[in-house]
There are 2 protein chains.
Amino acid sequence: MNLLLASTSTLFGGQYLGYLRENIEELFKGIQEIIFIPFARPGGISHDEYTLKVQVFFSGLNIGVKGLHEFDRPEEALDRGDAYFTGGGNTFLLVKTLHERGLIHLLKENIKKGKPYLGASAGSNIGGVNMKTSNDMPIVYPSSFECMGLVPFNINPHYLDPQPDLKHNGETRETRILEFLTQNNIPVVGLREGNWIRRVGDRITTEGSQLTRVFVKNGEPYELEAGSELKF
Amino acid sequence: MNLLLASTSTLFGGQYLGYLRENIEELFKGIQEIIFIPFARPGGISHDEYTLKVQVFFSGLNIGVKGLHEFDRPEEALDRGDAYFTGGGNTFLLVKTLHERGLIHLLKENIKKGKPYLGASAGSNIGGVNMKTSNDMPIVYPSSFECMGLVPFNINPHYLDPQPDLKHNGETRETRILEFLTQNNIPVVGLREGNWIRRVGDRITTEGSQLTRVFVKNGEPYELEAGSELKF
């Protein structure tokens, strides 16, 4: 497989996908056109507008972009496509839509054949085993929380360290992930903004400007430097 | 109905339920014993330990507490109980457990007869129409997101205003609730910590030390002062 699963599409103050430009060029080397999956977006901008934003970025790499929502037969579009990008938004809406339309299994099978896949935020969540470590609000009810399992762990995008100055009693991200581990035995990779996971063939590594925090059942969380291999 | 639905059990630096003491005394006036529902707690402390913490608080009001997990027949316990308290934790786990064990409908019917109900955090979420405005991580998959609908709106506990100093690209709470409203036509009451909803008979009011932020489909969010009636 050939994957890049990013914590976020946009760094604070940065351009859309800007910090990932070189890595995306490498991921999509030799690709003329990708299929963009805009279904995570619940509002604010339409699927067309979201796709346009993606087209603007990829035009700089001489790669064309078609939105999956543009096709009358999205199943065929997935099978004919050479590469895929799923953008961020709400993971519940994304997973609900992909299950409802019978697309998630098809996307997975195509990616497992070696077609490159880029995910950002919610689009990275669906690369994990399931979406039970999403940070999103459950605004819709998906028929299942199962995801593609392109990597043998779950992803927590936008991983945020505890904020000691915040006088607020909501749970920290770490507490939430440890609670996930009381109910599930699946490792969780906490991706701080600026970080991503790269899979080339069977080798899975953590990449980016920050340390990556890893959580496993019955063990202490630990930190990995960029370039470390993820093995469970 | 006779309800108190609180944003949080504990204010920053405060004692468990301390800031609500007088209001809980009024809610549970004449009650000798309540049933505590500890199912939201995914780890950290056991159901017994959680119940003990609640017993310590209520002993100061001369009210006994039985944990619902202690009963072989929780259905009977709910029907025989005079009043209820559901504590905080993870809303997905709470809702999954209550649906799985067939208890949510029974609890609702008893509360609708007039038996007093206290909720904190996840325990307040289940008083709303559904749990689609929970802040929690989806660590388990409930068979439904439907809740008790004791009030004709949804609750967002621990409502947090945007933090302009946080250089992080996760969605703000307001953005998330507005996204909920793109998919659902149910008003949302954002309860800042220190606030609660009181229902006595048909009259529903916002209470507490902060303004309460209200979100409706196709309208601007607005703020209500303590003592305001909630009508939709």
# chains A, B, ... in the order shown; residues from 1 in each chain; ligands from 1
>>> select_by_dssp(residues="stretch 49-179 of chain B", states="strand (DSSP E)", output="PyMOL selection string")
chain B and resi 64-67+84-86+117-120+154-159
>>> interface_residues(of="chain B", to="chain A", cutoff="6 Å", atoms="only C-alpha atoms", output="VMD selection string")
chain B and resid 12 42 132 138 to 139 167 179 to 180
>>> closest_residue(among="B:Lys53, B:Lys108, B:Arg203, B:Arg21", to="B:Leu150", atoms="only C-alpha atoms")
B:Lys108
>>> closest_residue(among="A:Ser209, A:Ile24, A:Leu5, A:Phe58", to="A:Asn156", atoms="only C-alpha atoms")
A:Leu5
>>> atom_distance(atom1="atom CA of B:Ser228", atom2="atom CA of B:Tyr84")
25.1 Å
>>> atom_distance(atom1="atom CA of A:Leu230", atom2="atom CA of A:Tyr16")
27.1 Å
>>> residues_around(residues="A:Leu3", least_positions_apart="2", cutoff="7 Å", atoms="only C-alpha atoms", output="ChimeraX atom specification")
/A:1,5,116-118,198-200
>>> write_last_selection(atoms="N, CA and C atoms", output="compact mmCIF listing (two decimals), in the first residue's frame")
# COMPACT_ATOMS: atom_id res chain seq x y z
N MET A 1 0.83 -1.20 0.00
CA MET A 1 0.00 0.00 0.00
C MET A 1 0.86 1.25 0.00
N LEU A 5 -1.42 9.59 5.73
CA LEU A 5 -2.55 9.93 6.60
C LEU A 5 -2.13 11.08 7.50
N PRO A 116 -2.50 4.91 -4.62
CA PRO A 116 -2.14 5.81 -3.51
C PRO A 116 -3.36 6.48 -2.87
N TYR A 117 -3.27 6.66 -1.57
CA TYR A 117 -4.35 7.28 -0.81
C TYR A 117 -3.79 8.36 0.10
N LEU A 118 -4.44 9.54 0.04
CA LEU A 118 -4.13 10.65 0.94
C LEU A 118 -5.35 10.91 1.80
N ARG A 198 3.00 7.54 7.19
CA ARG A 198 3.31 7.15 5.82
C ARG A 198 3.38 5.63 5.80
N ARG A 199 2.70 5.04 4.85
CA ARG A 199 2.84 3.59 4.64
C ARG A 199 3.30 3.37 3.21
N VAL A 200 4.43 2.68 3.04
CA VAL A 200 4.93 2.30 1.71
C VAL A 200 5.16 0.80 1.77
>>> select_by_dssp(residues="stretch 55-220 of chain B", states="alpha helix (DSSP H)", output="MDAnalysis selection string")
chainID B and resid 55:59 74:80 91:100 104:112 122:125 173:183
>>> atom_distance(atom1="atom CA of B:Ser46", atom2="atom CA of A:Lys217")
17.8 Å
